[in-house]
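input-v7.cif (mmCIF, C-alpha atoms)
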```cif
data_data
#
loop_
_atom_site.group_PDB
_atom_site.id
_atom_site.type_symbol
_atom_site.label_atom_id
_atom_site.label_comp_id
_atom_site.auth_asym_id
_atom_site.auth_seq_id
_atom_site.Cartn_x
_atom_site.Cartn_y
_atom_site.Cartn_z
ATOM 1 C CA MET R 17 1.488 -3.237 -11.955
ATOM 2 C CA LYS R 18 -2.073 -3.327 -10.692
ATOM 3 C CA TYR R 19 -1.231 -2.048 -7.202
ATOM 4 C CA SER R 20 1.055 0.823 -8.181
ATOM 5 C CA LEU R 21 0.384 4.383 -7.114
ATOM 6 C CA SER R 22 1.789 7.742 -8.111
ATOM 7 C CA PRO R 23 3.469 9.624 -5.240
ATOM 8 C CA ALA R 24 0.487 12.012 -5.001
ATOM 9 C CA GLU R 25 -2.031 9.152 -4.968
ATOM 10 C CA GLU R 26 -0.016 7.482 -2.234
ATOM 11 C CA GLU R 27 -0.019 10.692 -0.178
ATOM 12 C CA ILE R 28 -3.797 10.932 -0.393
ATOM 13 C CA LEU R 29 -4.288 7.271 0.434
ATOM 14 C CA THR R 30 -1.925 7.629 3.398
ATOM 15 C CA VAL R 31 -4.051 10.467 4.782
ATOM 16 C CA LEU R 32 -7.182 8.350 4.356
ATOM 17 C CA TRP R 33 -5.479 5.462 6.191
ATOM 18 C CA GLU R 34 -4.429 7.783 9.000
ATOM 19 C CA ASN R 35 -7.919 9.326 9.294
ATOM 20 C CA LYS R 36 -9.618 5.911 9.444
ATOM 21 C CA LYS R 37 -12.911 7.598 8.575
ATOM 22 C CA TRP R 38 -14.872 8.955 5.628
ATOM 23 C CA THR R 39 -13.074 12.089 4.425
ATOM 24 C CA THR R 40 -14.193 14.803 2.009
ATOM 25 C CA CYS R 41 -12.133 16.405 -0.707
ATOM 26 C CA SER R 42 -12.306 19.701 1.229
ATOM 27 C CA GLU R 43 -10.830 18.028 4.298
ATOM 28 C CA LEU R 44 -8.005 16.622 2.179
ATOM 29 C CA VAL R 45 -7.308 20.029 0.582
ATOM 30 C CA SER R 46 -7.213 21.583 4.056
ATOM 31 C CA HIS R 47 -4.850 18.854 5.312
ATOM 32 C CA PHE R 48 -2.438 19.357 2.433
ATOM 33 C CA HIS R 49 -2.519 23.150 2.793
ATOM 34 C CA LYS R 50 -1.454 22.702 6.432
ATOM 35 C CA GLN R 51 1.393 20.497 5.151
ATOM 36 C CA GLY R 52 2.541 23.268 2.790
ATOM 37 C CA LYS R 53 1.118 21.723 -0.407
ATOM 38 C CA ASP R 54 -0.839 24.204 -2.474
ATOM 39 C CA TRP R 55 -3.090 21.620 -4.092
ATOM 40 C CA LYS R 56 -6.337 22.975 -5.440
ATOM 41 C CA ARG R 57 -9.647 21.182 -4.992
ATOM 42 C CA GLN R 58 -9.640 20.141 -8.656
ATOM 43 C CA THR R 59 -6.189 18.557 -8.261
ATOM 44 C CA VAL R 60 -7.251 16.526 -5.224
ATOM 45 C CA ASN R 61 -10.475 15.541 -7.004
ATOM 46 C CA THR R 62 -8.428 14.302 -9.975
ATOM 47 C CA PHE R 63 -6.281 12.125 -7.702
ATOM 48 C CA LEU R 64 -9.369 10.833 -5.886
ATOM 49 C CA SER R 65 -10.981 9.952 -9.228
ATOM 50 C CA ARG R 66 -7.877 8.002 -10.212
ATOM 51 C CA LEU R 67 -7.852 6.167 -6.879
ATOM 52 C CA LEU R 68 -11.556 5.430 -7.287
ATOM 53 C CA GLY R 69 -10.980 4.111 -10.806
ATOM 54 C CA LYS R 70 -8.154 1.862 -9.604
ATOM 55 C CA GLY R 71 -10.332 0.508 -6.798
ATOM 56 C CA PHE R 72 -8.228 1.911 -3.954
ATOM 57 C CA VAL R 73 -11.002 4.088 -2.527
ATOM 58 C CA VAL R 74 -14.777 4.048 -2.379
ATOM 59 C CA LYS R 75 -17.070 7.055 -2.461
ATOM 60 C CA ASN R 76 -20.246 7.804 -0.536
ATOM 61 C CA GLY R 77 -21.756 11.138 -1.505
ATOM 62 C CA ARG R 78 -18.873 13.570 -1.162
ATOM 63 C CA SER R 79 -16.780 11.434 1.158
ATOM 64 C CA TYR R 80 -14.069 8.893 0.448
ATOM 65 C CA ILE R 81 -12.491 6.058 2.383
ATOM 66 C CA TYR R 82 -9.860 3.440 1.562
ATOM 67 C CA ASN R 83 -10.920 0.119 0.100
ATOM 68 C CA PHE R 84 -7.932 -1.722 1.638
ATOM 69 C CA THR R 85 -6.169 -1.146 4.942
ATOM 70 C CA LYS R 86 -2.471 -0.287 4.718
ATOM 71 C CA GLU R 87 -1.608 -3.827 5.788
ATOM 72 C CA GLU R 88 -3.914 -5.378 3.171
ATOM 73 C CA PHE R 89 -2.474 -3.085 0.496
ATOM 74 C CA ASP R 90 1.119 -3.967 1.423
ATOM 75 C CA SER R 91 0.264 -7.673 1.318
ATOM 76 C CA LEU R 92 -1.390 -7.377 -2.109
ATOM 77 C CA LYS R 93 1.588 -5.401 -3.432
ATOM 78 C CA ALA R 94 4.078 -7.960 -2.109
ATOM 79 C CA LYS R 95 2.136 -10.873 -3.603
ATOM 80 C CA GLU R 96 1.924 -9.067 -6.934
ATOM 81 C CA LEU R 97 5.666 -8.405 -6.870
ATOM 82 C CA VAL R 98 6.474 -12.084 -6.289
ATOM 83 C CA GLU R 99 3.983 -13.181 -8.972
ATOM 84 C CA THR R 100 5.115 -10.623 -11.558
ATOM 85 C CA PHE R 101 8.883 -10.720 -11.163
ATOM 86 C CA TYR R 102 9.610 -14.118 -9.617
ATOM 87 C CA SER R 103 7.043 -16.429 -11.261
ATOM 88 C CA GLY R 104 5.247 -16.783 -7.947
ATOM 89 C CA SER R 105 8.302 -18.350 -6.325
ATOM 90 C CA VAL R 106 9.224 -17.098 -2.860
ATOM 91 C CA LYS R 107 12.497 -19.032 -3.238
ATOM 92 C CA ASN R 108 13.380 -17.024 -6.374
ATOM 93 C CA PHE R 109 12.429 -13.823 -4.563
ATOM 94 C CA MET R 110 14.643 -14.664 -1.574
ATOM 95 C CA SER R 111 17.490 -15.568 -3.919
ATOM 96 C CA ALA R 112 17.217 -12.170 -5.615
ATOM 97 C CA LEU R 113 16.839 -10.398 -2.272
ATOM 98 C CA THR R 114 20.017 -11.891 -0.877
ATOM 99 C CA GLY R 115 21.986 -11.779 -4.123
ATOM 100 C CA LYS R 116 22.350 -15.555 -3.792
ATOM 101 C CA ASN R 117 24.509 -14.929 -0.722
ATOM 102 C CA THR R 118 23.842 -16.313 2.711
ATOM 103 C CA LEU R 119 21.546 -14.425 5.029
ATOM 104 C CA ASP R 120 22.634 -13.012 8.339
ATOM 105 C CA PRO R 121 21.831 -15.700 10.952
ATOM 106 C CA LYS R 122 19.589 -13.177 12.733
ATOM 107 C CA TYR R 123 17.355 -12.948 9.647
ATOM 108 C CA VAL R 124 17.395 -16.710 9.139
ATOM 109 C CA ASN R 125 16.138 -17.175 12.706
ATOM 110 C CA GLU R 126 13.404 -14.560 12.184
ATOM 111 C CA LEU R 127 12.259 -16.353 9.037
ATOM 112 C CA LYS R 128 12.327 -19.742 10.758
ATOM 113 C CA GLU R 129 10.251 -18.413 13.658
ATOM 114 C CA TYR R 130 7.781 -16.828 11.249
ATOM 115 C CA LEU R 131 7.408 -20.029 9.218
ATOM 116 C CA ASP R 132 7.080 -22.111 12.391
ATOM 117 C CA ASP R 133 4.273 -19.796 13.573
ATOM 118 C CA ILE R 134 2.476 -20.216 10.249
ATOM 119 C CA ILE R 135 2.787 -24.012 10.398
ATOM 120 C CA GLU R 136 1.549 -24.118 14.012
ATOM 121 C CA SER R 137 -1.480 -21.952 13.234
ATOM 122 C CA GLU R 138 -2.685 -24.237 10.429
#
```

Go ahead and render the structure in this file as structure tokens.
Amino acid sequence: MKYSLSPAEEEILTVLWENKKWTTCSELVSHFHKQGKDWKRQTVNTFLSRLLGKGFVVKNGRSYIYNFTKEEFDSLKAKELVETFYSGSVKNFMSALTGKNTLDPKYVNELKEYLDDIIESE
């Protein structure tokens, strides 16, 4: 899948999202050392290069920042999931999600409210 990340890549991207600013490899290494991860600079650079190659981060000099916010990334991942596994059908996705059983009325009401909000905003 286009928007898949390894656990280490996701950790680095999460730190970049939390920082909300340009961050250097040295700052990332320092952050992970404080978290108890003994990642070397070369290791972090390798992960950053992979993220750069996948289009998840951009580089300016020695600093990196995310290319998508967390919310944008989650949305892209969800859309890709529906497209890839459910032929682009939200109905098929919901059917798989619920196991073709009925939804708890609480969730049905949440979905109705959400859809009503979308319709009203158009």

Between atom CA of R:Thr40 and atom CA of R:Val74, what is the distance in Å, rounded to a tenth?
11.6 Å

Name the residues captured by the PyMOL selection byres ((chain R and resi 44) around 10) when it is applied to the shown file; answer as a PyMOL selection string.
chain R and resi 28+31-32+39-43+45-50+55+57+60-61+80

Exercise: R:Lys86 partners within 10 Å, all atoms listed in the file, chain neighbours under 6 positions left out, as an mmCIF file with C-alpha atoms, in the frame of the given file:
```cif
data_model
loop_
_atom_site.group_PDB
_atom_site.id
_atom_site.type_symbol
_atom_site.label_atom_id
_atom_site.label_comp_id
_atom_site.auth_asym_id
_atom_site.auth_seq_id
_atom_site.Cartn_x
_atom_site.Cartn_y
_atom_site.Cartn_z
ATOM 1 C CA LEU R 29 -4.288 7.271 0.434
ATOM 2 C CA THR R 30 -1.925 7.629 3.398
ATOM 3 C CA LEU R 32 -7.182 8.350 4.356
ATOM 4 C CA TRP R 33 -5.479 5.462 6.191
ATOM 5 C CA GLU R 34 -4.429 7.783 9.000
ATOM 6 C CA LEU R 92 -1.390 -7.377 -2.109
#
```

Near R:Phe89, counting only C-alpha atoms, which residues have an atom at most 9 Å away, once you skip same-chain residues fewer than 5 positions from it, shown as a ChimeraX atom specification?
/R:19,72,84,94

Calculated over all atoms listed in the file, which of the candidates R:Glu129, R:Lys18, R:Asp120, R:Leu67 has the smallest distance to R:Lys95?
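Looking at the shortest contact to R:Lys95, the residue is R:Lys18.
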
Here is a test: counting only C-alpha atoms, which residue of R:Ile134, R:Lys107, R:Trp38, R:Gly115 is nearest to R:Arg78?
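Closest residue, counting only C-alpha atoms: R:Trp38.
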
Identify which of the residues R:Met110, R:Ala24, R:Glu88, R:Lys116 lies closest to R:Thr62, counting all atoms listed in the file when measuring atom-to-atom distances.
R:Ala24

Distance of atom CA of R:Tyr82 from atom CA of R:Asn35, expressed in Å to one decimal place:
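Atom-to-atom, atom CA of R:Asn35 to atom CA of R:Tyr82, that is 9.9 Å.
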
Between atom CA of R:Glu87 and atom CA of R:Glu25, what is the distance, to one decimal in Å?
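Rounded to one decimal, the two atoms are 16.9 Å apart.
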
Return as AutoDock Vina command-line options the centre and edge lengths, in Å with one decimal, of the box along x, y and z that encloses every atom of stretch 67-80 of chain R in the file, padded by 8 Å per side.
```
--center_x -14.8 --center_y 7.0 --center_z -4.8 --size_x 29.9 --size_y 29.1 --size_z 28.0
```

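Taking only C-alpha atoms into account, R:Leu64 lies nearest to R:Glu26 out of the set R:Leu119, R:Leu127, R:Glu136, R:Glu26.
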